[in-house]
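Novice: What follows is a structure written as structure tokens; I'll ask about it next.
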Amino acid sequence: MANRTPIDLIAIRDRHPHHFGPPSRERQFLMGLGVLAVALLLFGMAQLGFFQGSFLTGVGKLGEIAGLMLPPNPGDWAHVRLYLMSLIETVAIAFLGTLVASIIAVPIALLAAKNVTTQRVLRFFSRRSLDTIRSVDTLIWALIWINVVGLGPFAGVLAIMTSDIGNFGKLFSEAIEAADKKPVEGIVSTGGGRILGIRFGILPEVFPVLASQVLYFFESNTRSATIIGIVGAGGIGLHLAEAIRTLELQQASFIILIILVTVAAIDLISNQLRFALIGRRGPAN
Amino acid sequence: MSSPVVQLPDAQLRPLLAAYDASVRSRRMHSLVVVACVVAAVALSSVSAEVSLGKLAANIGNFTSYFGRLLHLDSGALVFSDPVEWFWGLGRWLRLLGETLMMAYVGTALGAIGAFFLCFLAAANVAPRPWLRVAVRRFCELCRTVPELVFALMFVIAFGLGPMAGVLAVAIHTLGALGKLFSEVVENIDMKPVEGVHATGAPWHVAMRFGAVPQTMSNFVSYALLRFEINVRGATVMGFVGAGGIGVDLVEAIRKFYYSDVSAILVLIVITVSVIDTVTSHVRHRLIGLEERR
């Protein structure tokens with residue numbers, strides 16, 4: 001370390017002028033954007049009350065609550081049975097909602113796909129309606145369906161179904177648009193019509209992709225199904241919200257724990273099925 | 001133009017046809033088994049989820065009439081006939097929508113900052129300690145598996161009713177989701193710059209700053225924007241548990257049957273979400289384009 005070669009700063013400067021000069025226009029622009037983003041963040045935090053004393057007392061209280069949640073404890077066996085039954089209900093809601101949505105979404109996706117529906121107006125309207133459905137959250141759909149079929153898990157199934165029609169419609173139509181058009185041309189050349197072209201030219205190719213997306217959503221829908229109970233649409237969310245609101249925090253943490261285990265199990269199963277369908281290195285998500 | 005079609009003699013054709021039939025039959029059996037499994041699962045879950053098509057059929061009129069009522073003012077006129085009356089609370093709703101967007105922005109930004117610092121610890125190729133990597137990964141998993149609304153419920157107890165609980169819930173969920181995505185980005189970087197910086201004797205954090213961060217920044221921003229889009233949607237329902245934003249007014253309007261208010265707020269939400277979607281997807285495509293030009 002003692003005998004370093006002296007650095008010839010001037011020579012280095014001459015060789016790489018752009019590293020030593022003032023920052024380039026593009027860099028200045030990006031830095032300005034970064035400063036703006038941070039300023040907006042600070043402004044927002046101030047607006048939402050982050051720099052007041054209540055934030056610190058809240059953090060203190062949160063620590064207390066976290067302490068009260070441990071260890072997870074359901075109370076008695078009657079509660080365990082109740083929770084497990086509603087957990088099964090939750091999974092059933094997610095399963096039915098996902099399945100029905102995927103069935104309904106296929107024809108809509110065909111209408112929204114560029115390579116199937118050549119009519120612009122029809123395509124435009126099916127896309128816009130899918131976007132509208134997607135921009136309303138599952139929980140809002142749940143509240144609306146409760147007004148139709150009453151409180152209970154059935155409203156949850158319909159809510160998951162509705163919001164998933166939007167998601168699936170978009171994903172499916174993208175998958176259909178990415179399909180190879182040669183099989184369809186082949187079928188049309190043998191005299192098959194449009195319907196036959198879709199049935200034998202497109203569907204066999206995209207089916208594994210669609211199925212893998214459906215399985216992927218099944219897991220995320222199980223998570224959504226755990227919270228729609230908060231507004232009264234069935235499932236374990238009702239008990240969880242109740243336990244948190246009445247400060248039965250050990251029960252709440254028990255419920256969260258069994259939810260986590262269930263979601264992990266479903267994740268595992270749906271991953272296995274997806275790999276069986278598309279192979280380990282199939283299309284992403 | 002006629003091309004001769006080769007006709008195999010019957011004796012040769014028969015085994016081929018038989019093999020074809022057998023293969024078709026086995027595939028049909030296979031699909032039949034799958035379908036039977038799905039049908040059984042549907043039957044079981046229908047019982048558990050109290051599905052009754054009768055109830056749906058009896059009440060499906062409610063659904064259409066509900067939407068009909070959403071489109072009528074208290075006076076019975078169609079909402080479109082009197083937009084001023086329809087959007088009577090526009091000032092308040094716009095303020096609440098602004099609050100919702102602010103919640104989504106602050107939550108996304110805080111979560112993204114947290115994820116930025118955690119992702120280098122969780123990436124397999126640069127993580128300094130294996131046990132730390134496993135711990136960070138489990139932590140991120142916990143943060144993203146517990147639904148946002150559950151966090152919001154707990155934060156409402158700690159921080160009181162109001163948007164702060166919602167922001168923190170969004171931030172924690174974002175931390176978990178982005179922590180995973182960011183660490184996957186880091187795992188895909190070119191390791192040579194990192195090794196180069198290490199070779200000059202730089203400590204770990206300097207190697208990350210000058211070796212890893214420049215390669216990942218555009219992907220990070222792109223994922224954070226995608227998350228922002230999702231969080232705007234999530235923030236609209238935070239009000240359902242009292243955690244601030246437009247959801248407070250929406251849930252009140254739905255529960256108290258203020259039909260025209262429900263439709264007005266829904267229209268505002270749909271417009272806001274679509275605008276945000278369009279803008280962020282535009283920016284993201286430009287970012288991806290930037291990445292490809294390199």
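In the structure tokens, chains take letters A, B, ... by order of appearance, with residues numbered from 1 within each chain and ligands from 1 in the order shown.
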Give me, as a list in words, the contact residues of chain A against chain B at a cut-off of 6 Å, counting only C-alpha atoms.

Specialist: Leu41, Gly58, Lys61, Leu62, Glu89, Ala92, Ile93, Ser135, Val148, Pro153 and Phe154 of chain A

Novice: Could those residues be written to a file, using C-alpha atoms, as an mmCIF file, in the first residue's frame?

Specialist:
```cif
data_model
loop_
_atom_site.group_PDB
_atom_site.id
_atom_site.type_symbol
_atom_site.label_atom_id
_atom_site.label_comp_id
_atom_site.auth_asym_id
_atom_site.auth_seq_id
_atom_site.Cartn_x
_atom_site.Cartn_y
_atom_site.Cartn_z
ATOM 1 C CA LEU A 41 -43.425 11.963 -1.551
ATOM 2 C CA GLY A 58 -49.310 4.796 16.498
ATOM 3 C CA LYS A 61 -49.375 1.020 19.772
ATOM 4 C CA LEU A 62 -48.611 -1.191 16.786
ATOM 5 C CA GLU A 89 -65.857 -22.159 2.169
ATOM 6 C CA ALA A 92 -64.729 -23.117 -2.566
ATOM 7 C CA ILE A 93 -65.571 -19.483 -3.341
ATOM 8 C CA SER A 135 -60.949 -1.078 -12.831
ATOM 9 C CA VAL A 148 -78.692 -8.841 -5.563
ATOM 10 C CA PRO A 153 -70.757 -16.859 0.110
ATOM 11 C CA PHE A 154 -72.753 -16.924 -3.118
#
```

Novice: Could you pull out all residues of range 199-233 of chain B with a DSSP call of alpha helix (DSSP H) and give them as a list in words?

Specialist: Ala199, Trp204, His205, Val206, Ala207, Val213, Pro214, Gln215, Thr216, Met217, Ser218, Asn219, Phe220, Val221, Ser222, Tyr223, Ala224, Leu225, Leu226, Arg227, Phe228, Glu229, Ile230, Asn231, Val232 and Arg233 of chain B

Novice: Keeping only N, CA and C atoms, take the residues you just selected and write them out as a compact mmCIF listing (two decimals), in the first residue's frame.

Specialist:
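File written: part37.txt
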```
# COMPACT_ATOMS: atom_id res chain seq x y z
N ALA B 199 -13.04 -5.74 -7.42
CA ALA B 199 -11.61 -5.92 -7.64
C ALA B 199 -10.81 -4.69 -7.26
N TRP B 204 -18.91 -3.93 -0.06
CA TRP B 204 -20.09 -4.48 -0.70
C TRP B 204 -21.06 -3.41 -1.18
N HIS B 205 -21.35 -2.40 -0.30
CA HIS B 205 -22.38 -1.45 -0.69
C HIS B 205 -21.92 -0.59 -1.87
N VAL B 206 -20.63 -0.31 -1.98
CA VAL B 206 -20.14 0.46 -3.13
C VAL B 206 -20.24 -0.38 -4.40
N ALA B 207 -19.94 -1.67 -4.27
CA ALA B 207 -20.04 -2.55 -5.43
C ALA B 207 -21.48 -2.61 -5.93
N VAL B 213 -26.67 -1.36 -9.31
CA VAL B 213 -27.80 -0.43 -9.43
C VAL B 213 -27.97 0.12 -10.85
N PRO B 214 -26.89 0.54 -11.53
CA PRO B 214 -27.10 1.11 -12.88
C PRO B 214 -27.76 0.13 -13.84
N GLN B 215 -27.54 -1.18 -13.64
CA GLN B 215 -28.13 -2.15 -14.56
C GLN B 215 -29.60 -2.40 -14.27
N THR B 216 -30.04 -2.09 -13.05
CA THR B 216 -31.38 -2.52 -12.66
C THR B 216 -32.39 -1.39 -12.64
N MET B 217 -31.91 -0.14 -12.68
CA MET B 217 -32.79 0.99 -12.35
C MET B 217 -34.03 1.04 -13.24
N SER B 218 -33.89 0.86 -14.57
CA SER B 218 -35.07 1.04 -15.41
C SER B 218 -36.09 -0.06 -15.15
N ASN B 219 -35.62 -1.27 -14.86
CA ASN B 219 -36.56 -2.34 -14.52
C ASN B 219 -37.26 -2.06 -13.21
N PHE B 220 -36.50 -1.55 -12.24
CA PHE B 220 -37.11 -1.22 -10.94
C PHE B 220 -38.24 -0.22 -11.13
N VAL B 221 -37.94 0.84 -11.90
CA VAL B 221 -38.96 1.89 -12.08
C VAL B 221 -40.18 1.31 -12.79
N SER B 222 -39.93 0.44 -13.77
CA SER B 222 -41.03 -0.13 -14.52
C SER B 222 -41.93 -0.98 -13.61
N TYR B 223 -41.33 -1.81 -12.77
CA TYR B 223 -42.12 -2.62 -11.83
C TYR B 223 -42.84 -1.75 -10.82
N ALA B 224 -42.18 -0.67 -10.35
CA ALA B 224 -42.82 0.20 -9.36
C ALA B 224 -44.04 0.88 -9.97
N LEU B 225 -43.94 1.26 -11.27
CA LEU B 225 -45.09 1.89 -11.92
C LEU B 225 -46.25 0.90 -12.05
N LEU B 226 -45.92 -0.35 -12.40
CA LEU B 226 -46.95 -1.37 -12.51
C LEU B 226 -47.65 -1.54 -11.17
N ARG B 227 -46.86 -1.53 -10.11
CA ARG B 227 -47.40 -1.69 -8.77
C ARG B 227 -48.27 -0.49 -8.40
N PHE B 228 -47.85 0.70 -8.84
CA PHE B 228 -48.63 1.91 -8.55
C PHE B 228 -50.03 1.77 -9.14
N GLU B 229 -50.06 1.28 -10.39
CA GLU B 229 -51.33 1.05 -11.05
C GLU B 229 -52.22 0.13 -10.21
N ILE B 230 -51.64 -0.97 -9.71
CA ILE B 230 -52.41 -1.92 -8.90
C ILE B 230 -52.84 -1.27 -7.59
N ASN B 231 -51.94 -0.46 -7.01
CA ASN B 231 -52.23 0.12 -5.71
C ASN B 231 -53.32 1.18 -5.79
N VAL B 232 -53.43 1.88 -6.93
CA VAL B 232 -54.52 2.85 -7.06
C VAL B 232 -55.84 2.12 -6.91
N ARG B 233 -55.94 0.97 -7.58
CA ARG B 233 -57.16 0.17 -7.46
C ARG B 233 -57.37 -0.29 -6.02
```

Novice: Which residues are near range 95-103 of chain A? Cut-off 6 Å, only C-alpha atoms, ignore same chain within fewer than 3 positions. Put them as a PyMOL selection string.

Specialist: chain A and resi 92+106+157+160-161+164-165

Novice: Could you save those same residues with C-alpha atoms as a PDB file, in the first residue's frame?

Specialist:
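As written to disk, result_27.pdb reads:
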```pdb
ATOM      1  CA  ALA A  92     -64.729 -23.117  -2.566  1.00  0.00           C
ATOM      2  CA  VAL A 106     -63.168 -17.285 -23.430  1.00  0.00           C
ATOM      3  CA  VAL A 157     -68.480 -16.321  -5.810  1.00  0.00           C
ATOM      4  CA  ILE A 160     -64.722 -13.054  -7.741  1.00  0.00           C
ATOM      5  CA  MET A 161     -66.240 -14.214 -11.007  1.00  0.00           C
ATOM      6  CA  ASP A 164     -61.914 -12.159 -12.956  1.00  0.00           C
ATOM      7  CA  ILE A 165     -63.864 -11.975 -16.202  1.00  0.00           C
TER       8      ILE A 165
END
```

Novice: To one decimal place, how far is CA of Glu219 in chain A from CA of Asp267 in chain A in Å?

Specialist: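 CA of Asp267 in chain A lies 5.7 Å from CA of Glu219 in chain A.
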
Novice: List the spatial neighbours of range 227-236 of chain A as a PyMOL selection string - criterion: any atom at most 6 Å away, only C-alpha atoms, same-chain residues fewer than 5 positions off excluded.

Specialist: chain A and resi 86-87+89-90+139+151-153+155-156+241

Novice: Would you output that residue set with N, CA and C atoms, as a PDB file, in the first residue's frame?

Specialist:
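Now in result33.pdb:
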```pdb
ATOM      1  N   SER A  86     -65.051 -22.359   7.595  1.00  0.00           N
ATOM      2  CA  SER A  86     -65.143 -21.163   6.745  1.00  0.00           C
ATOM      3  C   SER A  86     -63.931 -21.043   5.836  1.00  0.00           C
ATOM      4  N   LEU A  87     -62.829 -21.691   6.229  1.00  0.00           N
ATOM      5  CA  LEU A  87     -61.676 -21.709   5.322  1.00  0.00           C
ATOM      6  C   LEU A  87     -61.996 -22.545   4.081  1.00  0.00           C
ATOM      7  N   GLU A  89     -64.930 -23.000   2.923  1.00  0.00           N
ATOM      8  CA  GLU A  89     -65.857 -22.159   2.169  1.00  0.00           C
ATOM      9  C   GLU A  89     -65.090 -21.151   1.315  1.00  0.00           C
ATOM     10  N   THR A  90     -64.040 -20.566   1.911  1.00  0.00           N
ATOM     11  CA  THR A  90     -63.229 -19.587   1.189  1.00  0.00           C
ATOM     12  C   THR A  90     -62.619 -20.194  -0.067  1.00  0.00           C
ATOM     13  N   LEU A 139     -63.898  -6.094  -4.097  1.00  0.00           N
ATOM     14  CA  LEU A 139     -64.690  -5.790  -2.912  1.00  0.00           C
ATOM     15  C   LEU A 139     -65.921  -4.966  -3.266  1.00  0.00           C
ATOM     16  N   LEU A 151     -76.601 -11.411   1.620  1.00  0.00           N
ATOM     17  CA  LEU A 151     -75.332 -11.719   2.273  1.00  0.00           C
ATOM     18  C   LEU A 151     -75.027 -13.195   2.133  1.00  0.00           C
ATOM     19  N   GLY A 152     -73.740 -13.562   2.096  1.00  0.00           N
ATOM     20  CA  GLY A 152     -73.393 -14.972   2.049  1.00  0.00           C
ATOM     21  C   GLY A 152     -72.357 -15.266   0.994  1.00  0.00           C
ATOM     22  N   PRO A 153     -71.862 -16.506   1.002  1.00  0.00           N
ATOM     23  CA  PRO A 153     -70.757 -16.859   0.110  1.00  0.00           C
ATOM     24  C   PRO A 153     -71.105 -16.784  -1.368  1.00  0.00           C
ATOM     25  N   ALA A 155     -72.655 -14.498  -2.974  1.00  0.00           N
ATOM     26  CA  ALA A 155     -72.281 -13.163  -3.452  1.00  0.00           C
ATOM     27  C   ALA A 155     -70.775 -13.092  -3.678  1.00  0.00           C
ATOM     28  N   GLY A 156     -69.998 -13.754  -2.812  1.00  0.00           N
ATOM     29  CA  GLY A 156     -68.549 -13.776  -2.973  1.00  0.00           C
ATOM     30  C   GLY A 156     -68.147 -14.449  -4.271  1.00  0.00           C
ATOM     31  N   ALA A 241     -62.105 -10.265  10.454  1.00  0.00           N
ATOM     32  CA  ALA A 241     -62.413  -8.860  10.754  1.00  0.00           C
ATOM     33  C   ALA A 241     -63.005  -8.736  12.149  1.00  0.00           C
TER      34      ALA A 241
END
```

Novice: Report as a count of residues only all protein, DNA and RNA residues lying within 9 Å of Leu249 in chain A, evaluated on only C-alpha atoms, omitting residues in the same chain fewer than 2 positions from it.

Specialist: 16

Novice: Contacts of range 192-205 of chain A at 7 Å or less, counting only C-alpha atoms, minus same-chain residues fewer than 5 places along, as an mmCIF file with C-alpha atoms, in the first residue's frame?

Specialist:
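Result written to result_39.cif:
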```
data_model
loop_
_atom_site.group_PDB
_atom_site.id
_atom_site.type_symbol
_atom_site.label_atom_id
_atom_site.label_comp_id
_atom_site.auth_asym_id
_atom_site.auth_seq_id
_atom_site.Cartn_x
_atom_site.Cartn_y
_atom_site.Cartn_z
ATOM 1 C CA ALA A 179 -51.057 -17.493 -31.388
ATOM 2 C CA PRO A 183 -52.841 -23.579 -38.294
ATOM 3 C CA VAL A 184 -55.898 -21.388 -38.945
ATOM 4 C CA ILE A 187 -57.830 -25.251 -41.738
#
```

Novice: If we count only C-alpha atoms and set the cut-off at 8 Å, which residues sit around Trp141 in chain A, ignoring sequence neighbours fewer than 5 positions away in its own chain? Please answer as a ChimeraX atom specification.

Specialist: /A:136,159-160,162-163

Novice: Please produce a file of those selected residues containing C-alpha atoms, as a tab-separated table (two decimals), in the first residue's frame.

Specialist:
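Output file part-v5.tsv follows:
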```
chain	number	residue	atom	x	y	z
A	136	VAL	CA	-63.59	-1.83	-10.19
A	159	ALA	CA	-67.88	-11.03	-7.08
A	160	ILE	CA	-64.72	-13.05	-7.74
A	162	THR	CA	-67.06	-10.70	-12.19
A	163	SER	CA	-63.70	-9.15	-11.48
```

Novice: Would you mind reading off the distance between CA of Glu177 in chain A and CA of Asn271 in chain A, one decimal, in Å?

Specialist: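 We find that CA of Glu177 in chain A and CA of Asn271 in chain A lie 24.8 Å from each other.
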